[in-house]
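**Q** See upload-v2.txt below, with compact mmCIF, C-alpha atoms.
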# COMPACT_ATOMS: atom_id res chain seq x y z
CA MET A 200 105.21 -86.65 -19.39
CA LYS A 201 104.87 -87.09 -23.18
CA ARG A 202 103.78 -83.46 -23.44
CA ILE A 203 106.82 -82.34 -21.42
CA ILE A 204 109.17 -84.28 -23.72
CA LYS A 205 107.44 -82.80 -26.78
CA LEU A 206 107.74 -79.24 -25.43
CA ALA A 207 111.36 -79.79 -24.36
CA THR A 208 112.23 -81.13 -27.83
CA ILE A 209 110.73 -78.02 -29.43
CA ALA A 210 112.71 -75.84 -27.01
CA LEU A 211 115.92 -77.78 -27.75
CA VAL A 212 115.44 -77.31 -31.51
CA LEU A 213 114.76 -73.60 -30.90
CA ILE A 214 117.94 -73.23 -28.79
CA LEU A 215 120.05 -75.00 -31.43
CA PHE A 216 118.43 -72.85 -34.13
CA LEU A 217 119.17 -69.64 -32.18
CA SER A 218 122.75 -70.80 -31.55
CA ALA A 219 123.21 -71.45 -35.27
CA LEU A 220 121.82 -67.97 -36.05
CA HIS A 221 124.19 -66.48 -33.46
CA TYR A 222 127.27 -68.10 -34.98
CA LEU A 223 126.15 -67.13 -38.48
CA GLY A 224 125.85 -63.56 -37.21
CA TRP A 225 122.16 -63.29 -38.12
CA LEU A 226 121.13 -62.87 -34.50
CA ASN A 227 123.48 -59.91 -34.15
CA PRO A 228 120.85 -57.15 -34.70
CA ILE A 229 118.54 -58.69 -32.08
CA GLU A 230 121.37 -59.11 -29.58
CA SER A 231 122.50 -55.52 -30.15
CA LEU A 232 118.93 -54.26 -29.80
CA LEU A 233 118.44 -56.14 -26.51
CA VAL A 234 121.73 -54.85 -25.09
CA ARG A 235 120.90 -51.28 -26.16
CA VAL A 236 117.44 -51.51 -24.61
CA PHE A 237 118.77 -52.94 -21.34
CA SER A 238 121.92 -50.85 -21.09
CA PRO A 239 120.37 -47.80 -19.31
CA ALA A 240 118.90 -50.02 -16.57
CA GLN A 241 122.09 -52.07 -16.40
CA ALA A 242 124.28 -48.97 -16.18
CA MET A 243 122.07 -47.70 -13.35
CA LEU A 244 122.31 -51.01 -11.48
CA TYR A 245 126.06 -51.20 -12.13
CA SER A 246 126.55 -47.69 -10.69
CA ALA A 247 124.33 -48.60 -7.75
CA SER A 248 126.42 -51.70 -7.08
CA GLN A 249 129.58 -49.59 -7.18
CA GLY A 250 128.05 -47.14 -4.73
CA ALA A 251 126.93 -49.92 -2.40
CA GLY A 252 130.31 -51.61 -2.76
CA SER A 253 132.15 -48.40 -1.83
CA PHE A 254 129.94 -47.95 1.23
CA TYR A 255 130.56 -51.55 2.30
CA ASP A 256 134.29 -51.23 1.68
CA SER A 257 134.60 -48.04 3.69
CA TRP A 258 132.65 -49.58 6.54
CA VAL A 259 134.80 -52.70 6.58
CA ARG A 260 138.07 -50.85 6.16
CA ARG A 261 137.38 -48.35 8.91
CA ARG A 262 138.31 -50.86 11.57
CA ASP A 263 141.71 -51.41 9.93
CA LEU A 264 142.49 -47.72 9.48
CA LEU A 265 144.38 -47.20 12.75
CA ALA A 266 146.70 -50.14 12.20
CA GLU A 267 147.23 -49.14 8.59
CA ASN A 268 147.94 -45.56 9.63
CA ASN A 269 150.66 -46.72 12.03
CA GLN A 270 152.15 -48.91 9.35
CA LEU A 271 152.16 -46.00 6.91
CA ARG A 272 153.95 -43.83 9.49
CA ASP A 273 156.64 -46.49 9.82
CA TRP A 274 157.00 -46.60 6.07
CA LEU A 275 157.22 -42.83 5.89
CA GLU A 276 160.07 -42.82 8.42
CA GLN A 277 161.79 -45.49 6.40
CA TYR A 278 161.45 -43.46 3.23
CA GLN A 279 162.74 -40.35 4.95
CA THR A 280 165.93 -42.09 6.01
CA ASP A 281 166.55 -43.90 2.76
CA TYR A 282 167.65 -41.47 0.08
CA SER A 283 167.85 -44.01 -2.70
CA LYS A 284 164.27 -45.00 -2.16
CA ILE A 285 163.21 -41.37 -2.43
CA ILE A 286 164.98 -41.15 -5.74
CA SER A 287 163.18 -44.28 -6.87
CA LEU A 288 159.87 -42.78 -5.79
CA GLU A 289 160.62 -39.59 -7.71
CA GLN A 290 161.22 -41.61 -10.87
CA GLU A 291 158.03 -43.53 -10.26
CA ASN A 292 156.15 -40.30 -9.76
CA GLN A 293 157.54 -38.98 -13.01
CA LEU A 294 156.32 -42.07 -14.85
CA LEU A 295 152.85 -41.82 -13.35
CA LYS A 296 152.68 -38.18 -14.41
CA GLN A 297 153.62 -39.23 -17.91
CA GLU A 298 150.85 -41.79 -17.84
CA LEU A 299 148.42 -39.08 -16.84
CA ASN A 300 148.80 -37.38 -20.20
CA PHE A 301 149.63 -40.57 -22.02
CA ILE A 302 146.94 -40.44 -24.64
CA GLU A 303 147.78 -36.85 -25.70
CA GLU A 304 151.53 -37.36 -25.61
CA GLN A 305 151.53 -40.61 -27.53
CA GLN A 306 149.03 -39.26 -30.04
CA LEU A 307 147.04 -42.45 -29.78
CA LYS A 308 143.54 -42.79 -31.11
CA ALA A 309 141.09 -43.75 -28.43
CA VAL A 310 137.39 -44.46 -28.20
CA SER A 311 135.77 -43.55 -24.89
CA ALA A 312 133.43 -46.27 -23.58
CA LYS A 313 131.10 -46.70 -20.64
CA ILE A 314 131.00 -49.97 -18.69
CA ILE A 315 127.38 -51.08 -18.73
CA THR A 316 127.57 -54.35 -16.81
CA GLY A 317 129.60 -57.38 -15.86
CA VAL A 318 129.12 -60.67 -17.72
CA SER A 319 126.60 -63.36 -16.82
CA ASP A 320 128.95 -66.32 -16.47
CA PRO A 321 130.80 -66.94 -13.21
CA LEU A 322 133.94 -68.31 -14.91
CA SER A 323 135.39 -65.12 -16.37
CA ARG A 324 136.28 -61.68 -15.03
CA SER A 325 134.96 -59.38 -17.72
CA VAL A 326 132.85 -56.30 -18.29
CA VAL A 327 130.58 -55.21 -21.14
CA ILE A 328 131.18 -51.76 -22.70
CA ASN A 329 128.82 -49.72 -24.85
CA ARG A 330 131.07 -49.59 -27.94
CA GLY A 331 131.25 -52.15 -30.71
CA SER A 332 132.34 -52.77 -34.26
CA VAL A 333 130.43 -49.69 -35.53
CA ASP A 334 132.83 -47.61 -33.42
CA GLY A 335 135.82 -49.33 -35.02
CA LEU A 336 136.57 -51.82 -32.25
CA VAL A 337 138.13 -55.19 -33.06
CA LYS A 338 139.20 -58.15 -30.93
CA GLY A 339 142.51 -57.73 -29.10
CA LEU A 340 142.53 -53.92 -28.71
CA ALA A 341 143.94 -52.50 -25.48
CA VAL A 342 141.49 -51.11 -22.94
CA VAL A 343 142.93 -48.51 -20.56
CA SER A 344 141.67 -46.42 -17.68
CA ASP A 345 141.33 -42.66 -18.15
CA ARG A 346 144.89 -42.35 -16.82
CA GLY A 347 146.27 -44.64 -19.51
CA ILE A 348 146.71 -47.72 -17.29
CA LEU A 349 146.00 -51.01 -19.05
CA VAL A 350 142.97 -52.80 -17.58
CA GLY A 351 142.23 -55.46 -20.19
CA LYS A 352 141.76 -56.44 -23.80
CA ILE A 353 138.74 -56.57 -26.10
CA HIS A 354 137.63 -60.21 -26.04
CA GLU A 355 134.48 -60.21 -28.15
CA VAL A 356 132.96 -57.55 -30.40
CA ASN A 357 129.35 -57.05 -31.37
CA ASP A 358 127.87 -54.19 -33.42
CA TYR A 359 127.04 -51.94 -30.49
CA PHE A 360 128.77 -53.55 -27.51
CA SER A 361 131.95 -55.44 -26.67
CA LYS A 362 133.18 -57.71 -23.91
CA VAL A 363 136.45 -56.76 -22.21
CA LEU A 364 138.53 -59.47 -20.57
CA LEU A 365 140.12 -57.86 -17.51
CA LEU A 366 143.80 -58.46 -16.70
CA THR A 367 142.80 -60.35 -13.56
CA ASP A 368 140.95 -63.05 -15.51
CA ASN A 369 142.59 -66.47 -15.58
CA ASN A 370 142.71 -66.46 -19.39
CA SER A 371 144.21 -62.98 -19.70
CA LYS A 372 147.76 -62.90 -21.09
CA VAL A 373 149.63 -59.73 -22.07
CA ALA A 374 153.24 -59.41 -23.28
CA ALA A 375 155.01 -57.06 -20.89
CA THR A 376 158.35 -55.51 -19.97
CA ILE A 377 159.74 -54.55 -16.57
CA GLN A 378 161.17 -51.04 -16.41
CA ASN A 379 164.54 -52.06 -14.99
CA THR A 380 167.98 -51.71 -16.52
CA ASP A 381 167.59 -54.99 -18.45
CA GLN A 382 164.08 -54.17 -19.74
CA THR A 383 163.11 -57.72 -18.72
CA ALA A 384 160.38 -59.25 -20.86
CA GLY A 385 157.66 -61.59 -19.61
CA LEU A 386 153.98 -62.39 -19.67
CA VAL A 387 151.37 -60.80 -17.39
CA GLU A 388 148.74 -63.42 -16.51
CA GLY A 389 145.52 -63.19 -14.49
CA GLN A 390 145.20 -65.09 -11.22
CA PHE A 391 141.70 -66.45 -10.50
CA GLY A 392 140.02 -63.07 -11.12
CA LEU A 393 141.68 -61.59 -8.05
CA SER A 394 145.13 -60.40 -9.03
CA PHE A 395 147.78 -60.96 -11.68
CA SER A 396 151.39 -61.99 -11.94
CA MET A 397 154.27 -61.79 -14.40
CA THR A 398 155.62 -65.12 -15.57
CA ASN A 399 158.40 -66.32 -17.91
CA ILE A 400 161.01 -64.06 -16.29
CA PRO A 401 164.49 -65.56 -16.80
CA GLN A 402 166.28 -66.40 -13.53
CA ASP A 403 169.30 -64.24 -14.35
CA GLN A 404 167.28 -61.02 -14.60
CA GLN A 405 167.56 -58.52 -11.75
CA ILE A 406 164.14 -57.39 -10.67
CA LYS A 407 163.01 -55.88 -7.39
CA ASN A 408 159.83 -54.99 -5.56
CA GLY A 409 158.36 -51.71 -6.76
CA ASP A 410 159.61 -52.02 -10.34
CA LEU A 411 157.00 -50.91 -12.84
CA VAL A 412 155.59 -53.27 -15.47
CA VAL A 413 154.52 -51.88 -18.85
CA THR A 414 153.32 -53.38 -22.13
CA SER A 415 156.11 -54.57 -24.41
CA GLY A 416 154.44 -53.64 -27.68
CA LEU A 417 154.98 -57.15 -29.04
CA GLU A 418 151.24 -57.60 -29.52
CA GLY A 419 150.17 -55.79 -32.66
CA ASN A 420 147.10 -54.06 -31.26
CA ILE A 421 148.60 -53.00 -27.93
CA PRO A 422 150.92 -49.96 -27.88
CA LYS A 423 154.26 -50.05 -26.09
CA ASN A 424 154.83 -48.62 -22.58
CA LEU A 425 151.27 -48.71 -21.25
CA LEU A 426 151.53 -48.97 -17.48
CA ILE A 427 150.15 -52.28 -16.15
CA ALA A 428 151.22 -52.67 -12.51
CA ARG A 429 154.15 -52.63 -10.11
CA ILE A 430 155.99 -55.64 -8.69
CA GLU A 431 154.84 -56.60 -5.21
CA SER A 432 157.04 -59.65 -4.61
CA VAL A 433 159.25 -62.06 -6.53
CA ASN A 434 158.89 -65.85 -6.34
CA GLN A 435 162.20 -67.47 -7.15
CA VAL A 436 162.71 -71.25 -7.05
CA GLU A 437 166.19 -72.68 -7.65
CA ASN A 438 166.56 -75.10 -10.59
CA GLU A 439 163.59 -73.46 -12.33
CA ILE A 440 164.26 -71.77 -15.66
CA PHE A 441 161.91 -68.88 -14.97
CA LYS A 442 160.79 -66.93 -11.95
CA THR A 443 157.44 -65.27 -11.28
CA ALA A 444 156.61 -61.80 -9.93
CA VAL A 445 153.39 -61.10 -8.08
CA LEU A 446 152.02 -57.76 -9.30
CA SER A 447 150.09 -55.12 -7.47
CA PRO A 448 147.59 -53.16 -9.60
CA VAL A 449 148.04 -49.40 -9.83
CA ILE A 450 144.28 -48.80 -9.84
CA SER A 451 141.31 -50.79 -8.56
CA PHE A 452 139.53 -52.71 -11.31
CA ASP A 453 136.31 -52.78 -9.28
CA ASN A 454 135.64 -49.04 -9.49
CA LEU A 455 135.90 -48.50 -13.22
CA SER A 456 133.02 -46.66 -14.86
CA TYR A 457 134.56 -45.31 -18.05
CA VAL A 458 137.46 -46.71 -20.07
CA LEU A 459 139.35 -45.85 -23.25
CA VAL A 460 139.82 -48.35 -26.05
CA LEU A 461 143.03 -47.66 -27.97
CA THR A 462 142.37 -48.06 -31.68
CA PRO A 463 145.06 -48.49 -34.33
CA MET B 114 96.66 -63.22 -20.55
CA TRP B 115 98.78 -60.47 -22.15
CA LYS B 116 99.11 -58.72 -18.80
CA LYS B 117 100.42 -61.97 -17.34
CA ILE B 118 102.94 -62.41 -20.17
CA ILE B 119 104.23 -58.81 -19.92
CA PHE B 120 104.46 -59.09 -16.13
CA PHE B 121 106.31 -62.40 -16.52
CA ILE B 122 108.82 -60.93 -19.02
CA LEU B 123 109.44 -57.92 -16.77
CA VAL B 124 110.04 -60.17 -13.75
CA VAL B 125 112.51 -62.35 -15.70
CA LEU B 126 114.38 -59.27 -16.95
CA PHE B 127 114.45 -57.74 -13.47
CA LEU B 128 115.84 -60.94 -11.93
CA LEU B 129 118.53 -61.25 -14.59
CA LEU B 130 119.59 -57.61 -14.42
CA VAL B 131 119.77 -57.72 -10.63
CA GLN B 132 121.71 -60.99 -10.80
CA PHE B 133 124.52 -60.01 -13.12
CA SER B 134 124.47 -56.21 -13.30
CA PHE B 135 124.13 -55.62 -9.57
CA LEU B 136 124.86 -58.60 -7.31
CA ALA B 137 127.71 -60.16 -9.34
CA ASN B 138 129.73 -56.91 -9.29
CA PHE B 139 130.38 -57.14 -5.56
CA GLN B 140 132.80 -60.05 -6.11
CA THR B 141 131.83 -61.54 -2.78
CA LEU B 142 130.48 -65.03 -2.27
CA ILE B 143 127.40 -63.89 -0.38
CA THR B 144 126.04 -61.98 -3.39
CA ARG B 145 126.28 -65.02 -5.66
CA LEU B 146 122.58 -65.75 -5.84
CA ASN B 147 121.14 -67.68 -8.76
CA LEU B 148 117.79 -65.89 -8.92
CA LEU B 149 116.91 -67.42 -12.30
CA LEU B 150 117.26 -70.92 -10.87
CA VAL B 151 115.10 -69.96 -7.88
CA ALA B 152 112.45 -68.60 -10.28
CA LEU B 153 112.62 -71.83 -12.30
CA VAL B 154 112.02 -73.99 -9.20
CA ILE B 155 109.05 -71.83 -8.20
CA LEU B 156 107.53 -71.98 -11.70
CA VAL B 157 108.00 -75.74 -11.97
CA SER B 158 106.33 -76.12 -8.58
CA VAL B 159 103.29 -73.94 -9.05
CA VAL B 160 102.43 -73.38 -12.73
CA ASP B 161 102.26 -75.21 -16.03
CA PHE B 162 105.53 -76.36 -17.66
CA SER B 163 105.01 -74.03 -20.63
CA TRP B 164 105.72 -71.04 -18.32
CA SER B 165 108.92 -72.71 -17.12
CA LEU B 166 109.90 -73.21 -20.74
CA ALA B 167 109.27 -69.52 -21.46
CA LEU B 168 111.57 -68.62 -18.56
CA ILE B 169 114.21 -71.06 -19.83
CA LEU B 170 114.18 -69.62 -23.35
CA ALA B 171 113.97 -65.93 -22.39
CA GLY B 172 116.39 -66.17 -19.47
CA GLY B 173 118.76 -68.50 -21.32
CA LEU B 174 118.91 -66.19 -24.35
CA ILE B 175 119.83 -63.16 -22.24
CA MET B 176 122.35 -65.11 -20.15
CA ASP B 177 123.96 -66.36 -23.38
CA ILE B 178 124.18 -62.86 -24.89
CA TYR B 179 126.05 -61.57 -21.84
CA SER B 180 128.29 -64.61 -21.47
CA ASN B 181 131.84 -65.35 -22.61
CA LEU B 182 130.93 -69.05 -22.86
CA PRO B 183 129.67 -70.66 -26.11
CA PHE B 184 126.24 -69.37 -27.14
CA GLY B 185 123.43 -71.70 -26.08
CA LEU B 186 125.27 -73.14 -23.09
CA PHE B 187 123.09 -71.40 -20.49
CA SER B 188 119.88 -72.14 -22.44
CA LEU B 189 120.75 -75.84 -22.65
CA THR B 190 121.72 -75.94 -18.98
CA LEU B 191 118.41 -74.35 -17.97
CA LEU B 192 116.46 -76.66 -20.31
CA VAL B 193 118.01 -79.82 -18.86
CA THR B 194 117.44 -78.49 -15.33
CA GLY B 195 113.83 -77.55 -16.09
CA VAL B 196 112.94 -80.91 -17.64
CA ALA B 197 114.62 -82.82 -14.79
CA LEU B 198 112.80 -80.73 -12.17
CA GLU B 199 109.47 -81.25 -13.93
CA ALA B 200 110.11 -85.01 -14.01
CA LEU B 201 110.96 -84.93 -10.28
CA MET B 202 107.81 -82.92 -9.55
CA LEU B 203 105.57 -85.31 -11.47
CA ASN B 204 107.07 -88.51 -10.08
CA PHE B 205 108.35 -87.77 -6.59
CA PHE B 206 107.12 -84.42 -5.21
CA THR B 207 103.36 -84.72 -5.31
CA ASN B 208 103.39 -83.66 -1.66
CA ARG B 209 104.34 -79.96 -1.86
CA SER B 210 105.59 -79.37 1.67
CA LEU B 211 108.33 -76.99 2.81
CA TYR B 212 110.77 -79.91 2.96
CA SER B 213 110.03 -81.11 -0.54
CA PHE B 214 110.33 -77.51 -1.77
CA ILE B 215 113.78 -77.16 -0.19
CA PHE B 216 114.86 -80.56 -1.50
CA LEU B 217 113.72 -79.53 -4.97
CA GLY B 218 115.97 -76.46 -4.58
CA PHE B 219 118.96 -78.68 -3.71
CA SER B 220 118.17 -80.93 -6.68
CA ALA B 221 117.88 -77.92 -9.00
CA THR B 222 121.30 -76.58 -7.95
CA ALA B 223 122.90 -80.01 -8.33
CA ILE B 224 121.36 -80.68 -11.77
CA TYR B 225 122.11 -77.13 -12.96
CA TYR B 226 125.79 -77.23 -12.04
CA LEU B 227 126.33 -80.83 -13.14
CA THR B 228 124.94 -79.93 -16.57
CA PHE B 229 126.81 -76.60 -16.63
CA GLY B 230 130.08 -78.28 -15.66
CA ALA B 231 129.61 -81.04 -18.23
CA LEU B 232 128.81 -78.58 -21.03
CA VAL B 233 131.71 -76.26 -20.11
CA GLY B 234 134.07 -79.26 -19.94
CA LEU B 235 132.82 -80.55 -23.28
CA SER B 236 133.13 -77.18 -24.99
CA TYR B 237 136.65 -76.82 -23.51
CA LEU B 238 137.62 -80.26 -24.83
CA ILE B 239 136.39 -79.56 -28.34
CA GLY B 240 138.03 -76.13 -28.29
CA LEU B 241 134.94 -73.92 -28.24
CA THR B 242 136.05 -72.06 -25.14
CA ASP B 243 139.21 -71.30 -23.14
CA PHE B 244 137.31 -70.98 -19.88
CA LEU B 245 137.34 -73.92 -17.51
CA LEU B 246 136.06 -74.36 -13.95
CA THR B 247 138.37 -72.91 -11.30
CA LYS B 248 138.78 -73.97 -7.67
CA ASP B 249 136.70 -70.93 -6.57
CA PHE B 250 133.81 -72.34 -8.56
CA GLY B 251 133.34 -75.07 -5.93
CA LYS B 252 132.79 -72.38 -3.29
CA ILE B 253 130.23 -70.64 -5.51
CA ILE B 254 128.28 -73.89 -5.96
CA GLY B 255 128.45 -74.66 -2.24
CA PHE B 256 127.07 -71.25 -1.39
CA GLU B 257 124.38 -71.48 -4.05
CA PHE B 258 123.11 -74.77 -2.60
CA LEU B 259 122.43 -72.90 0.64
CA SER B 260 121.21 -69.60 -0.84
CA THR B 261 118.80 -71.25 -3.29
CA ALA B 262 117.28 -73.43 -0.56
CA LEU B 263 117.06 -70.46 1.82
CA ILE B 264 115.30 -68.18 -0.69
CA LEU B 265 112.87 -70.98 -1.59
CA ALA B 266 112.12 -71.65 2.08
CA LEU B 267 111.48 -67.92 2.66
CA PHE B 268 109.27 -67.78 -0.42
CA PHE B 269 107.27 -70.78 0.79
CA ILE B 270 106.82 -69.38 4.31
CA ILE B 271 105.84 -65.89 3.10
CA ILE B 272 103.39 -67.10 0.46
CA ASP B 273 101.96 -69.77 2.75
CA ASN B 274 101.26 -67.20 5.47
CA LEU B 275 100.20 -64.20 3.44
CA SER B 276 98.28 -65.58 0.51
CA THR B 277 95.57 -68.13 0.00
CA ARG B 278 96.20 -68.36 -3.74
CA PHE B 279 98.74 -71.14 -3.51
CA LYS B 280 97.15 -73.06 -0.66
CA THR B 281 96.12 -75.72 -3.13
CA ASN B 282 99.76 -76.14 -4.14
CA PHE B 283 101.38 -76.00 -0.73
CA ILE B 284 100.70 -77.85 2.46
CA SER B 285 102.12 -76.51 5.71
CA GLN B 286 104.51 -79.10 7.02
Would you kindly transcribe this structure into structure tokens?

**A**
Amino acid sequence: MKRIIKLATIALVLILFLSALHYLGWLNPIESLLVRVFSPAQAMLYSASQGAGSFYDSWVRRRDLLAENNQLRDWLEQYQTDYSKIISLEQENQLLKQELNFIEEQQLKAVSAKIITGVSDPLSRSVVINRGSVDGLVKGLAVVSDRGILVGKIHEVNDYFSKVLLLTDNNSKVAATIQNTDQTAGLVEGQFGLSFSMTNIPQDQQIKNGDLVVTSGLEGNIPKNLLIARIESVNQVENEIFKTAVLSPVISFDNLSYVLVLTP
Amino acid sequence: MWKKIIFFILVVLFLLLVQFSFLANFQTLITRLNLLLVALVILVSVVDFSWSLALILAGGLIMDIYSNLPFGLFSLTLLVTGVALEALMLNFFTNRSLYSFIFLGFSATAIYYLTFGALVGLSYLIGLTDFLLTKDFGKIIGFEFLSTALILALFFIIIDNLSTRFKTNFISQ
């Protein structure tokens, strides 16, 4: 047992020493080297998991397709009879088209990055990308899908890789605006890694399901008018100062392979 | 000896990459397997503690690099778990039966997550991290108790039936 304690003490000192080197930044080259060495295998496994996930999803969803199809037919009939909703859809369509060419139109600078893996801890909803400080990335930059839809923010930067905190993470907070007549401001927050919601919406603001939520531009590193999500439902409690809107993502965060990091 | 070390490093890397580059991406409970913890229990049970320590340091370092939690948290968690398991092995599990193997798996999961929870809570309190345990985390731990024990039981049964190498370590009960 004495030998075990002796070995464990050496290991403890080594761990503390490595941690100190990490926080001093001296371990950075080794960490970068390890990530670069592992990234091809990780990217392969990540792609494989996406492929397997898609297969599983399609298999599971097949049984719900008939019911969903009927529901969609009902919705279609509803849309056909409701002219105002068609107008609303046209506007929405216009916005999505604008998003499609967002990067070119807004003349933003962007760095293309590949997602190489998820993170090792079970407490956060993040991914690791193959771009780091040598590519000009800094903490807090906006990360968007290839269609210009915000998916997260840069959380930690290393020389050759960075960690991206996805919008669905519990700790994710982004200043946002609803595209209604009042341009209602609020905060988009992650919900247990599964979805996200918009909080801090004043009770007197008129918002409705289907309204689009975009970035407000109040955060220095995140440009204005990046599409985030659309409102799925509104939770309103009397006597509360603010109300909350449950948001529905425009794209699936599980199928991302490549992202763009918007640089200043 | 060098062949053993290279093989060992490759196995550790493979387990880690499968764990958080493949399985974790499914976002389903059933794929939440803690393969590193399973490997640690097996090493503590069948080989010298220095090999367990190598797994703790190599695995912990890689887990820490790919984690949003404070650096060293996974290494410390694995070290505490490894030392506790070794102490349990030396003092209580001299009889290496299937049941003691499974119980060691339960103990490993409990010690691992108690230490992990305590270190995360401590680092949250002193402001080193913004991440704190969520209610879903309880489900993950619950599932890992079962999955770790199940993988260990399968490992015991397969090795016990197919190989004579570990017969000195295991007894069929």

**Q** Applying 7 Å and all atoms listed in the file, which residues near stretch 395-409 of chain A remain after dropping the ones on its own chain fewer than 3 positions away? List them as an MDAnalysis selection string.

**A** chainID A and resid 366:367 379 383:390 429:432 440:446

**Q** If we draw a sphere of 12 Å around (107.5, -67.6, -18.9), which residues have at least one atom in it when counting all atoms listed in the file? Please report them as a PyMOL selection string.

**A** chain B and resi 114-115+117-126+149+152-153+155-157+160-173

**Q** Please tell me which residues are no farther than 12 Å from (130.0, -51.3, -26.5) in the file, counting only C-alpha atoms, and write them as an NGL selection string.

**A** (:A and (231-232 or 234-235 or 238 or 310-316 or 326-337 or 353-363 or 457-460)) or (:B and (179))

**Q** Report the distance between atom CA of A:Leu426 and atom CA of A:Ile348 in Å, rounded to one decimal place.

**A**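 For atom CA of A:Leu426 relative to atom CA of A:Ile348, the distance reads 5.0 Å.
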
**Q** If the cut-off is 6 Å, can you tell me the residues of chain A near chain B, counting all atoms listed in the file? I'd like them as a VMD selection string.

**A** chain A and resid 218 241 244 to 245 248 316 to 320

**Q** Could you state the separation of atom CA of B:Ser213 and atom CA of B:Ala231 in Å, given to one decimal place?

**A**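 Interatomic distance here is 26.4 Å.
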
**Q** Which residues are near stretch 220-225 of chain B? Cut-off 7 Å, all atoms listed in the file, ignore same chain within fewer than 6 positions. Put them as a tab-separated table (two decimals) with C-alpha atoms, in the frame of the given file.

**A**
chain	number	residue	atom	x	y	z
B	190	THR	CA	121.72	-75.94	-18.98
B	191	LEU	CA	118.41	-74.35	-17.97
B	194	THR	CA	117.44	-78.49	-15.33
B	198	LEU	CA	112.80	-80.73	-12.17
B	258	PHE	CA	123.11	-74.77	-2.60

**Q** By how many Å are atom CA of A:Lys423 and atom CA of A:Ala375 apart?

**A**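 These atoms are spaced 8.8 Å apart.
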
**Q** Go through B:Leu128, B:Val151, B:Ala197, B:Met202 and flag the residue nearest B:Ser260, using all atoms listed in the file for the distances.

**A** B:Val151
